[in-house]
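*Asks:* Quick one, structure.cif (mmCIF, C-alpha atoms):
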```cif
data_model
#
loop_
_atom_site.label_atom_id
_atom_site.label_comp_id
_atom_site.auth_asym_id
_atom_site.auth_seq_id
_atom_site.Cartn_x
_atom_site.Cartn_y
_atom_site.Cartn_z
CA MET A 1411 30.59 -22.26 16.47
CA GLU A 1412 33.24 -19.59 16.37
CA HIS A 1413 35.55 -18.88 13.50
CA ALA A 1414 39.02 -19.35 14.79
CA GLN A 1415 42.03 -17.16 15.33
CA THR A 1416 45.47 -18.50 14.56
CA SER A 1417 48.44 -18.60 16.86
CA PRO A 1418 51.75 -20.27 15.97
CA GLU A 1419 52.19 -23.83 17.17
CA PRO A 1420 54.84 -24.63 19.83
CA GLY A 1421 58.26 -24.74 18.28
CA ASP A 1422 57.38 -22.30 15.50
CA GLU A 1423 58.68 -19.22 17.32
CA GLY A 1424 62.05 -19.47 15.66
CA ASN A 1425 60.61 -19.51 12.18
CA PRO A 1426 57.70 -17.04 12.18
CA ALA A 1427 57.77 -16.61 8.41
CA GLU A 1428 56.21 -20.03 7.95
CA ALA A 1429 53.24 -19.33 10.22
CA PRO A 1430 50.17 -17.81 8.55
CA PRO A 1431 49.32 -14.31 9.76
CA ALA A 1432 46.85 -14.14 12.62
CA ARG A 1433 43.29 -13.08 11.89
CA PRO A 1434 40.78 -11.66 14.38
CA ALA A 1435 38.73 -14.26 16.20
CA ARG A 1436 35.20 -15.00 15.06
CA ARG A 1437 32.29 -14.15 17.30
CA GLY A 1438 29.88 -16.93 18.24
CA ARG A 1439 27.46 -17.39 15.34
CA ARG A 1440 24.75 -19.48 17.00
CA THR A 1441 22.39 -16.56 17.55
CA ALA A 1442 23.03 -15.24 14.06
CA LEU A 1443 22.25 -18.63 12.56
CA LEU A 1444 19.02 -18.94 14.53
CA ILE A 1445 17.68 -15.66 13.12
CA ALA A 1446 19.39 -15.64 9.74
CA CYS A 1447 16.97 -18.00 8.02
CA GLY A 1448 14.14 -15.57 8.70
CA ALA A 1449 15.96 -12.39 7.66
CA ALA A 1450 18.37 -13.24 4.88
CA LEU A 1451 16.06 -13.74 1.88
CA GLY A 1452 15.75 -10.06 1.05
CA ILE A 1453 19.47 -9.40 1.49
CA LEU A 1454 20.53 -12.41 -0.54
CA GLY A 1455 18.04 -11.70 -3.29
CA GLY A 1456 19.17 -8.08 -3.63
CA THR A 1457 22.86 -8.85 -3.79
CA ALA A 1458 22.33 -11.71 -6.20
CA ALA A 1459 20.27 -9.51 -8.50
CA GLY A 1460 22.96 -6.85 -8.54
CA TYR A 1461 25.60 -9.38 -9.45
CA ALA A 1462 23.42 -10.90 -12.16
CA VAL A 1463 23.07 -7.51 -13.85
CA GLN A 1464 26.83 -7.14 -14.07
CA TYR A 1465 27.37 -10.75 -15.08
CA HIS A 1466 25.11 -10.50 -18.14
CA ARG A 1467 26.45 -7.20 -19.42
CA PRO A 1468 28.66 -7.59 -22.53
CA PRO A 1469 32.39 -6.88 -21.98
CA THR A 1470 33.59 -3.36 -22.73
CA PRO A 1471 35.66 -3.35 -25.98
CA LEU A 1472 39.35 -2.59 -25.51
CA PRO A 1473 41.21 -0.02 -27.62
CA PRO A 1474 43.16 -1.31 -30.67
CA LEU A 1475 46.52 -2.90 -29.97
CA ALA A 1476 49.67 -1.14 -31.10
CA GLN A 1477 50.84 -4.44 -32.61
CA GLN A 1478 48.17 -5.39 -35.11
CA LYS A 1479 49.57 -8.62 -36.57
CA LEU A 1480 49.00 -11.00 -33.68
CA VAL A 1481 48.49 -14.71 -34.33
CA THR A 1482 45.03 -15.63 -33.07
CA PRO A 1483 42.72 -18.59 -33.72
CA LYS A 1484 40.22 -18.11 -36.52
CA ALA A 1485 36.85 -16.98 -35.21
CA LEU A 1486 33.94 -19.35 -35.69
CA ALA A 1487 30.44 -18.22 -36.52
CA PRO A 1488 27.93 -18.73 -33.69
CA ASP A 1489 25.37 -21.47 -34.07
CA ALA A 1490 22.50 -22.98 -32.10
CA ALA A 1491 24.93 -24.46 -29.56
CA THR A 1492 26.70 -21.17 -28.84
CA THR A 1493 26.35 -19.75 -25.32
CA ARG A 1494 27.82 -16.79 -23.49
CA ASP A 1495 30.19 -19.16 -21.71
CA SER A 1496 31.41 -20.79 -24.92
CA ILE A 1497 32.07 -17.39 -26.50
CA ASN A 1498 34.23 -16.46 -23.53
CA ALA A 1499 35.72 -19.93 -22.98
CA ASN A 1500 39.28 -18.74 -23.57
CA ARG A 1501 39.06 -16.22 -20.71
CA ARG A 1502 36.62 -17.84 -18.29
CA HIS A 1503 37.45 -20.22 -15.45
CA LYS A 1504 34.89 -22.66 -14.07
CA THR A 1505 34.54 -20.60 -10.91
CA ASP A 1506 34.39 -17.26 -12.77
CA GLY A 1507 30.68 -17.71 -13.43
CA ASP A 1508 27.88 -17.58 -10.87
CA LEU A 1509 29.56 -18.91 -7.73
CA THR A 1510 26.21 -19.52 -6.05
CA ALA A 1511 25.52 -22.23 -8.65
CA LEU A 1512 28.27 -24.30 -6.99
CA LEU A 1513 26.53 -24.30 -3.59
CA VAL A 1514 24.74 -27.52 -2.64
CA GLU A 1515 20.97 -27.50 -2.55
CA ALA A 1516 19.08 -27.47 0.73
CA PRO A 1517 17.55 -30.84 1.74
CA ALA A 1518 13.94 -31.54 0.84
CA GLY A 1519 11.59 -30.03 3.41
CA ALA A 1520 14.15 -27.59 4.80
CA LYS A 1521 13.37 -23.91 5.25
CA ALA A 1522 15.81 -22.16 2.94
CA PRO A 1523 15.78 -18.39 2.30
CA GLY A 1524 17.91 -18.84 -0.80
CA LYS A 1525 21.42 -18.31 -2.14
CA GLY A 1526 23.27 -15.10 -2.72
CA TYR A 1527 26.37 -13.02 -2.18
CA GLU A 1528 27.55 -11.58 1.13
CA SER A 1529 29.50 -8.34 1.12
CA LEU A 1530 32.92 -8.25 2.74
CA ASP A 1531 31.88 -5.70 5.34
CA VAL A 1532 28.90 -7.82 6.41
CA PHE A 1533 31.15 -10.89 6.61
CA SER A 1534 33.66 -8.96 8.73
CA VAL A 1535 30.98 -7.90 11.24
CA GLY A 1536 30.96 -11.50 12.50
CA PHE A 1537 34.50 -11.08 13.84
CA GLU A 1538 35.49 -9.76 17.25
CA GLU A 1539 37.33 -6.84 15.64
CA PRO A 1540 35.39 -6.07 12.43
CA GLY A 1541 37.65 -3.22 11.35
CA LYS A 1542 40.80 -5.30 11.55
CA ALA A 1543 39.05 -8.24 9.93
CA LEU A 1544 37.88 -6.08 7.01
CA ALA A 1545 41.36 -4.68 6.47
CA GLY A 1546 42.90 -8.14 6.69
CA PHE A 1547 40.51 -9.68 4.19
CA ALA A 1548 41.00 -6.78 1.79
CA GLU A 1549 44.75 -7.29 2.07
CA ASP A 1550 44.38 -11.03 1.49
CA GLY A 1551 42.35 -10.35 -1.65
CA VAL A 1552 38.86 -11.66 -0.89
CA ARG A 1553 37.05 -11.45 -4.22
CA ARG A 1554 33.48 -12.48 -3.34
CA ILE A 1555 31.53 -14.65 -0.90
CA ALA A 1556 28.67 -16.91 -1.99
CA THR A 1557 26.42 -18.19 0.77
CA THR A 1558 23.38 -20.35 1.43
CA MET A 1559 21.60 -21.39 4.61
CA TRP A 1560 18.72 -23.51 5.79
CA SER A 1561 17.00 -24.91 8.87
CA GLN A 1562 15.40 -28.30 9.50
CA ASP A 1563 12.65 -28.93 12.06
CA ASP A 1564 13.64 -25.75 13.92
CA ARG A 1565 16.51 -27.78 15.31
CA VAL A 1566 19.33 -27.98 12.78
CA PHE A 1567 20.71 -24.76 11.28
CA VAL A 1568 23.27 -24.79 8.48
CA GLU A 1569 25.20 -21.98 6.84
CA ILE A 1570 27.64 -22.57 3.97
CA ARG A 1571 30.06 -20.07 2.47
CA LEU A 1572 32.32 -20.21 -0.55
CA ILE A 1573 34.95 -17.52 -0.03
CA GLN A 1574 36.81 -16.82 -3.26
CA PHE A 1575 40.14 -15.04 -3.15
CA ARG A 1576 42.01 -13.36 -5.99
CA ASP A 1577 44.75 -15.97 -5.76
CA ARG A 1578 45.56 -19.21 -3.99
CA LYS A 1579 47.86 -17.56 -1.45
CA GLY A 1580 45.06 -15.60 0.21
CA ALA A 1581 42.85 -18.68 0.35
CA ASP A 1582 45.68 -20.71 1.86
CA VAL A 1583 46.29 -18.14 4.62
CA TYR A 1584 42.63 -18.12 5.64
CA GLN A 1585 42.19 -21.91 5.52
CA GLN A 1586 45.35 -22.53 7.55
CA SER A 1587 44.50 -19.89 10.13
CA GLN A 1588 41.15 -21.57 10.78
CA ALA A 1589 42.42 -25.15 10.73
CA LEU A 1590 45.26 -24.50 13.18
CA SER A 1591 43.01 -23.09 15.91
CA MET A 1592 39.90 -25.26 15.63
CA PRO A 1593 41.37 -28.12 17.76
CA THR A 1594 42.07 -25.76 20.68
CA LYS A 1595 39.94 -25.67 23.83
CA GLU A 1596 38.47 -22.28 22.91
CA TYR A 1597 36.93 -23.78 19.79
CA ALA A 1598 36.13 -27.44 18.97
CA GLY A 1599 38.53 -28.89 21.52
CA ASN A 1600 39.48 -31.92 19.42
CA PRO A 1601 41.56 -32.72 16.29
CA GLY A 1602 38.50 -33.42 14.13
CA VAL A 1603 38.43 -35.72 11.12
CA PRO A 1604 39.47 -35.29 7.48
CA ILE A 1605 36.95 -35.00 4.65
CA PRO A 1606 37.18 -38.12 2.45
CA GLY A 1607 38.67 -37.55 -0.98
CA ALA A 1608 40.71 -34.48 0.02
CA PRO A 1609 44.10 -34.00 1.74
CA ALA A 1610 43.68 -33.85 5.52
CA ASP A 1611 45.65 -30.61 5.77
CA LEU A 1612 43.26 -28.92 3.32
CA ALA A 1613 39.87 -30.28 4.38
CA HIS A 1614 38.65 -31.04 7.90
CA VAL A 1615 35.51 -31.33 10.05
CA TRP A 1616 35.24 -30.58 13.76
CA VAL A 1617 32.29 -31.30 16.05
CA ASP A 1618 32.44 -29.46 19.38
CA SER A 1619 33.60 -31.71 22.19
CA SER A 1620 30.93 -30.30 24.49
CA ALA A 1621 27.61 -28.54 24.09
CA GLU A 1622 26.87 -25.06 25.39
CA THR A 1623 24.34 -25.14 28.20
CA LYS A 1624 22.21 -22.44 29.83
CA PRO A 1625 19.51 -22.89 32.48
CA GLY A 1626 16.06 -23.08 30.91
CA TYR A 1627 17.37 -23.80 27.40
CA HIS A 1628 18.25 -26.88 25.39
CA PRO A 1629 21.98 -27.59 25.02
CA VAL A 1630 23.45 -26.24 21.77
CA ARG A 1631 26.26 -28.00 19.94
CA GLY A 1632 28.12 -26.78 16.89
CA ALA A 1633 30.25 -28.29 14.16
CA ARG A 1634 32.42 -26.73 11.52
CA ALA A 1635 33.98 -27.76 8.23
CA VAL A 1636 36.79 -25.85 6.51
CA ALA A 1637 38.40 -26.81 3.23
CA ARG A 1638 40.33 -25.18 0.41
CA ARG A 1639 40.22 -26.01 -3.26
CA GLY A 1640 42.27 -23.68 -5.43
CA ASP A 1641 41.40 -20.06 -4.66
CA ILE A 1642 38.16 -20.93 -2.81
CA VAL A 1643 37.72 -21.71 0.88
CA MET A 1644 34.59 -23.65 1.78
CA GLU A 1645 33.31 -23.28 5.31
CA ILE A 1646 30.23 -24.82 6.90
CA ASP A 1647 28.68 -23.91 10.26
CA TYR A 1648 26.35 -26.62 11.54
CA ILE A 1649 24.26 -26.03 14.67
CA ASP A 1650 21.96 -28.39 16.58
CA ASN A 1651 19.90 -26.81 19.36
CA ARG A 1652 19.29 -30.15 21.05
CA GLY A 1653 23.00 -30.74 21.62
CA ARG A 1654 23.38 -33.85 19.45
CA ILE A 1655 25.29 -33.91 16.15
CA ALA A 1656 26.17 -37.00 14.12
CA GLU A 1657 29.69 -36.39 12.84
CA GLY A 1658 28.93 -38.40 9.70
CA ASP A 1659 26.14 -35.98 8.71
CA VAL A 1660 28.53 -33.03 8.72
CA VAL A 1661 31.26 -34.98 6.93
CA ASP A 1662 28.82 -36.08 4.23
CA LEU A 1663 27.59 -32.52 3.68
CA ALA A 1664 31.14 -31.18 3.51
CA LYS A 1665 32.14 -33.91 1.06
CA ARG A 1666 29.20 -33.14 -1.25
CA GLN A 1667 29.92 -29.42 -1.17
CA LEU A 1668 33.61 -29.95 -1.85
CA GLU A 1669 32.81 -32.18 -4.81
CA ARG A 1670 30.75 -29.35 -6.34
CA LEU A 1671 33.95 -27.32 -6.57
#
```
Represent the structure from my file as structure tokens, please.

*Replies:*
Amino acid sequence: MEHAQTSPEPGDEGNPAEAPPARPARRGRRTALLIACGAALGILGGTAAGYAVQYHRPPTPLPPLAQQKLVTPKALAPDAATTRDSINANRRHKTDGDLTALLVEAPAGAKAPGKGYESLDVFSVGFEEPGKALAGFAEDGVRRIATTMWSQDDRVFVEIRLIQFRDRKGADVYQQSQALSMPTKEYAGNPGVPIPGAPADLAHVWVDSSAETKPGYHPVRGARAVARRGDIVMEIDYIDNRGRIAEGDVVDLAKRQLERL
């Protein structure tokens, strides 16, 4: 399954400002998915540990304000129910905590190397023009990328990413650029189906119209889900190396992951 590149739809030439900027096309990720489950545990564990160190450090105190008489709520003494999140409740959003905690769990019996964070340069390597992709994502304000993956019966391979941007605009550009190109022949080759419970223009699933075949190998079929909720884009790559994918399985997984957000 390739991550898609956007091109304006017919009739949009006269109004290019409304079309999301193009992004470099994604390389095929089937090979990467087949080997990722065996190699990613160390990488994910290291990046997650680094983030955890920063997350648990106390905030650096700011210098005194020039205006001292500000109206602020009266501070309450901590008690047994006080947590780090409750102390910082007035400045913490739900998705400002550990983003990996919002990833769905791997199914029982699946081989799962774990959850963690993927650096922007590693994410960009999966694109046909990594340098341009890295610059584009930096411009769009990618904040962090949480990821998990698993395999089942050495046949089904799943990779899920939560790509958080610094604002909704960047997330919208990326989600639109993927959704506009997925129906084309170069990618899924069909219009796909919406994810229940979410607007169709913000959440969709595509199963490849045809499987990739090579003499001496089983046919390989891919599916992809892309959805946006706020400043986060959820994307799922789903691979079956026997060439058969039940659309409902991918839709159900995408729906469960979207609900976690």

*Asks:* Starting from the PyMOL selection byres ((chain A and resi 1629) around 12), expand the selection into actual residues of this file and give them as a CSV table (one decimal) with C-alpha atoms, in the frame of the given file.

*Replies:*
```csv
chain,number,residue,atom,x,y,z
A,1440,ARG,CA,24.8,-19.5,17.0
A,1565,ARG,CA,16.5,-27.8,15.3
A,1620,SER,CA,30.9,-30.3,24.5
A,1621,ALA,CA,27.6,-28.5,24.1
A,1622,GLU,CA,26.9,-25.1,25.4
A,1623,THR,CA,24.3,-25.1,28.2
A,1624,LYS,CA,22.2,-22.4,29.8
A,1625,PRO,CA,19.5,-22.9,32.5
A,1626,GLY,CA,16.1,-23.1,30.9
A,1627,TYR,CA,17.4,-23.8,27.4
A,1628,HIS,CA,18.2,-26.9,25.4
A,1630,VAL,CA,23.4,-26.2,21.8
A,1631,ARG,CA,26.3,-28.0,19.9
A,1632,GLY,CA,28.1,-26.8,16.9
A,1649,ILE,CA,24.3,-26.0,14.7
A,1650,ASP,CA,22.0,-28.4,16.6
A,1651,ASN,CA,19.9,-26.8,19.4
A,1652,ARG,CA,19.3,-30.2,21.0
A,1653,GLY,CA,23.0,-30.7,21.6
A,1654,ARG,CA,23.4,-33.8,19.4
A,1655,ILE,CA,25.3,-33.9,16.2
```

*Asks:* Skip range 1664-1671 of chain A itself and residues of its chain fewer than 3 positions away, then list as a list in words all residues within 8 Å of it, counting all atoms listed in the file.

*Replies:*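 The residues satisfying every condition are Leu1512, Leu1513, Val1514, Ile1605, Pro1606, Gly1607, Val1615, Ala1635, Ala1637, Arg1639, Met1644, Ile1646, Val1660 and Val1661 of chain A.
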
*Asks:* Have a look at CA of Leu1530 in chain A and CA of Asp1618 in chain A and let me know their distance in Å, one decimal.

*Replies:*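 Distance between the two atoms: 27.0 Å.
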
*Asks:* Select, from A:Gly1580, A:Gly1524, A:Gly1519, A:Pro1601, the residue with the minimum atom-to-atom distance to Phe1547 in chain A, counting only C-alpha atoms.

*Replies:* A:Gly1580

*Asks:* To one decimal place, how far is CA of Asp1550 in chain A from CA of Pro1609 in chain A in Å?

*Replies:*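 Taking CA of Asp1550 in chain A and CA of Pro1609 in chain A, their separation equals 23.0 Å.
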
*Asks:* For the structure shown, which residues end up in the PyMOL selection byres ((chain A and resi 1568-1579) around 8)? Put them as a short mmCIF file (atom, residue, chain, number, x, y, z; two decimals) with C-alpha atoms, in the frame of the given file, please?

*Replies:*
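Dumped everything to selection.cif:
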```
data_model
loop_
_atom_site.label_atom_id
_atom_site.label_comp_id
_atom_site.auth_asym_id
_atom_site.auth_seq_id
_atom_site.Cartn_x
_atom_site.Cartn_y
_atom_site.Cartn_z
CA LEU A 1443 22.25 -18.63 12.56
CA LEU A 1509 29.56 -18.91 -7.73
CA LEU A 1513 26.53 -24.30 -3.59
CA ASP A 1550 44.38 -11.03 1.49
CA GLY A 1551 42.35 -10.35 -1.65
CA VAL A 1552 38.86 -11.66 -0.89
CA ARG A 1553 37.05 -11.45 -4.22
CA ARG A 1554 33.48 -12.48 -3.34
CA ILE A 1555 31.53 -14.65 -0.90
CA ALA A 1556 28.67 -16.91 -1.99
CA THR A 1557 26.42 -18.19 0.77
CA THR A 1558 23.38 -20.35 1.43
CA MET A 1559 21.60 -21.39 4.61
CA TRP A 1560 18.72 -23.51 5.79
CA SER A 1561 17.00 -24.91 8.87
CA VAL A 1566 19.33 -27.98 12.78
CA PHE A 1567 20.71 -24.76 11.28
CA GLY A 1580 45.06 -15.60 0.21
CA ALA A 1581 42.85 -18.68 0.35
CA ASP A 1582 45.68 -20.71 1.86
CA VAL A 1583 46.29 -18.14 4.62
CA GLY A 1640 42.27 -23.68 -5.43
CA ASP A 1641 41.40 -20.06 -4.66
CA ILE A 1642 38.16 -20.93 -2.81
CA VAL A 1643 37.72 -21.71 0.88
CA MET A 1644 34.59 -23.65 1.78
CA GLU A 1645 33.31 -23.28 5.31
CA ILE A 1646 30.23 -24.82 6.90
CA ASP A 1647 28.68 -23.91 10.26
CA TYR A 1648 26.35 -26.62 11.54
CA ILE A 1649 24.26 -26.03 14.67
#
```

*Asks:* Which residues come within 6 Å of range 1531-1535 of chain A, counting all atoms listed in the file, excluding same-chain residues fewer than 5 positions away, as JSON, numbers by chain?

*Replies:* {"A": [1540, 1543, 1544]}

*Asks:* Can you spell out as a list of chain:residue names the set of residues that the PyMOL selection byres ((chain A and resi 1599) around 12) selects in the structure I just provided?

*Replies:*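 For this structure, the PyMOL selection byres ((chain A and resi 1599) around 12) captures A:Met1411, A:Glu1412, A:Ala1414, A:Leu1590, A:Ser1591, A:Met1592, A:Pro1593, A:Thr1594, A:Lys1595, A:Glu1596, A:Tyr1597, A:Ala1598, A:Asn1600, A:Pro1601, A:Gly1602, A:Trp1616, A:Val1617, A:Asp1618, A:Ser1619, A:Ser1620, A:Ala1621, A:Gly1632, A:Ala1633, A:Arg1634.
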
*Asks:* Do you have the CA of Leu1612 in chain A-CA of Gln1588 in chain A distance handy?

*Replies:*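 Calculated distance between CA of Leu1612 in chain A and CA of Gln1588 in chain A is 10.7 Å.
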
*Asks:* Find, counting all atoms listed in the file, the residue in A:Gln1586, A:Gly1507, A:Pro1517, A:Val1603 that gets nearest to Arg1638 in chain A.

*Replies:*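 Using all atoms listed in the file, the shortest distance to Arg1638 in chain A belongs to A:Gln1586.
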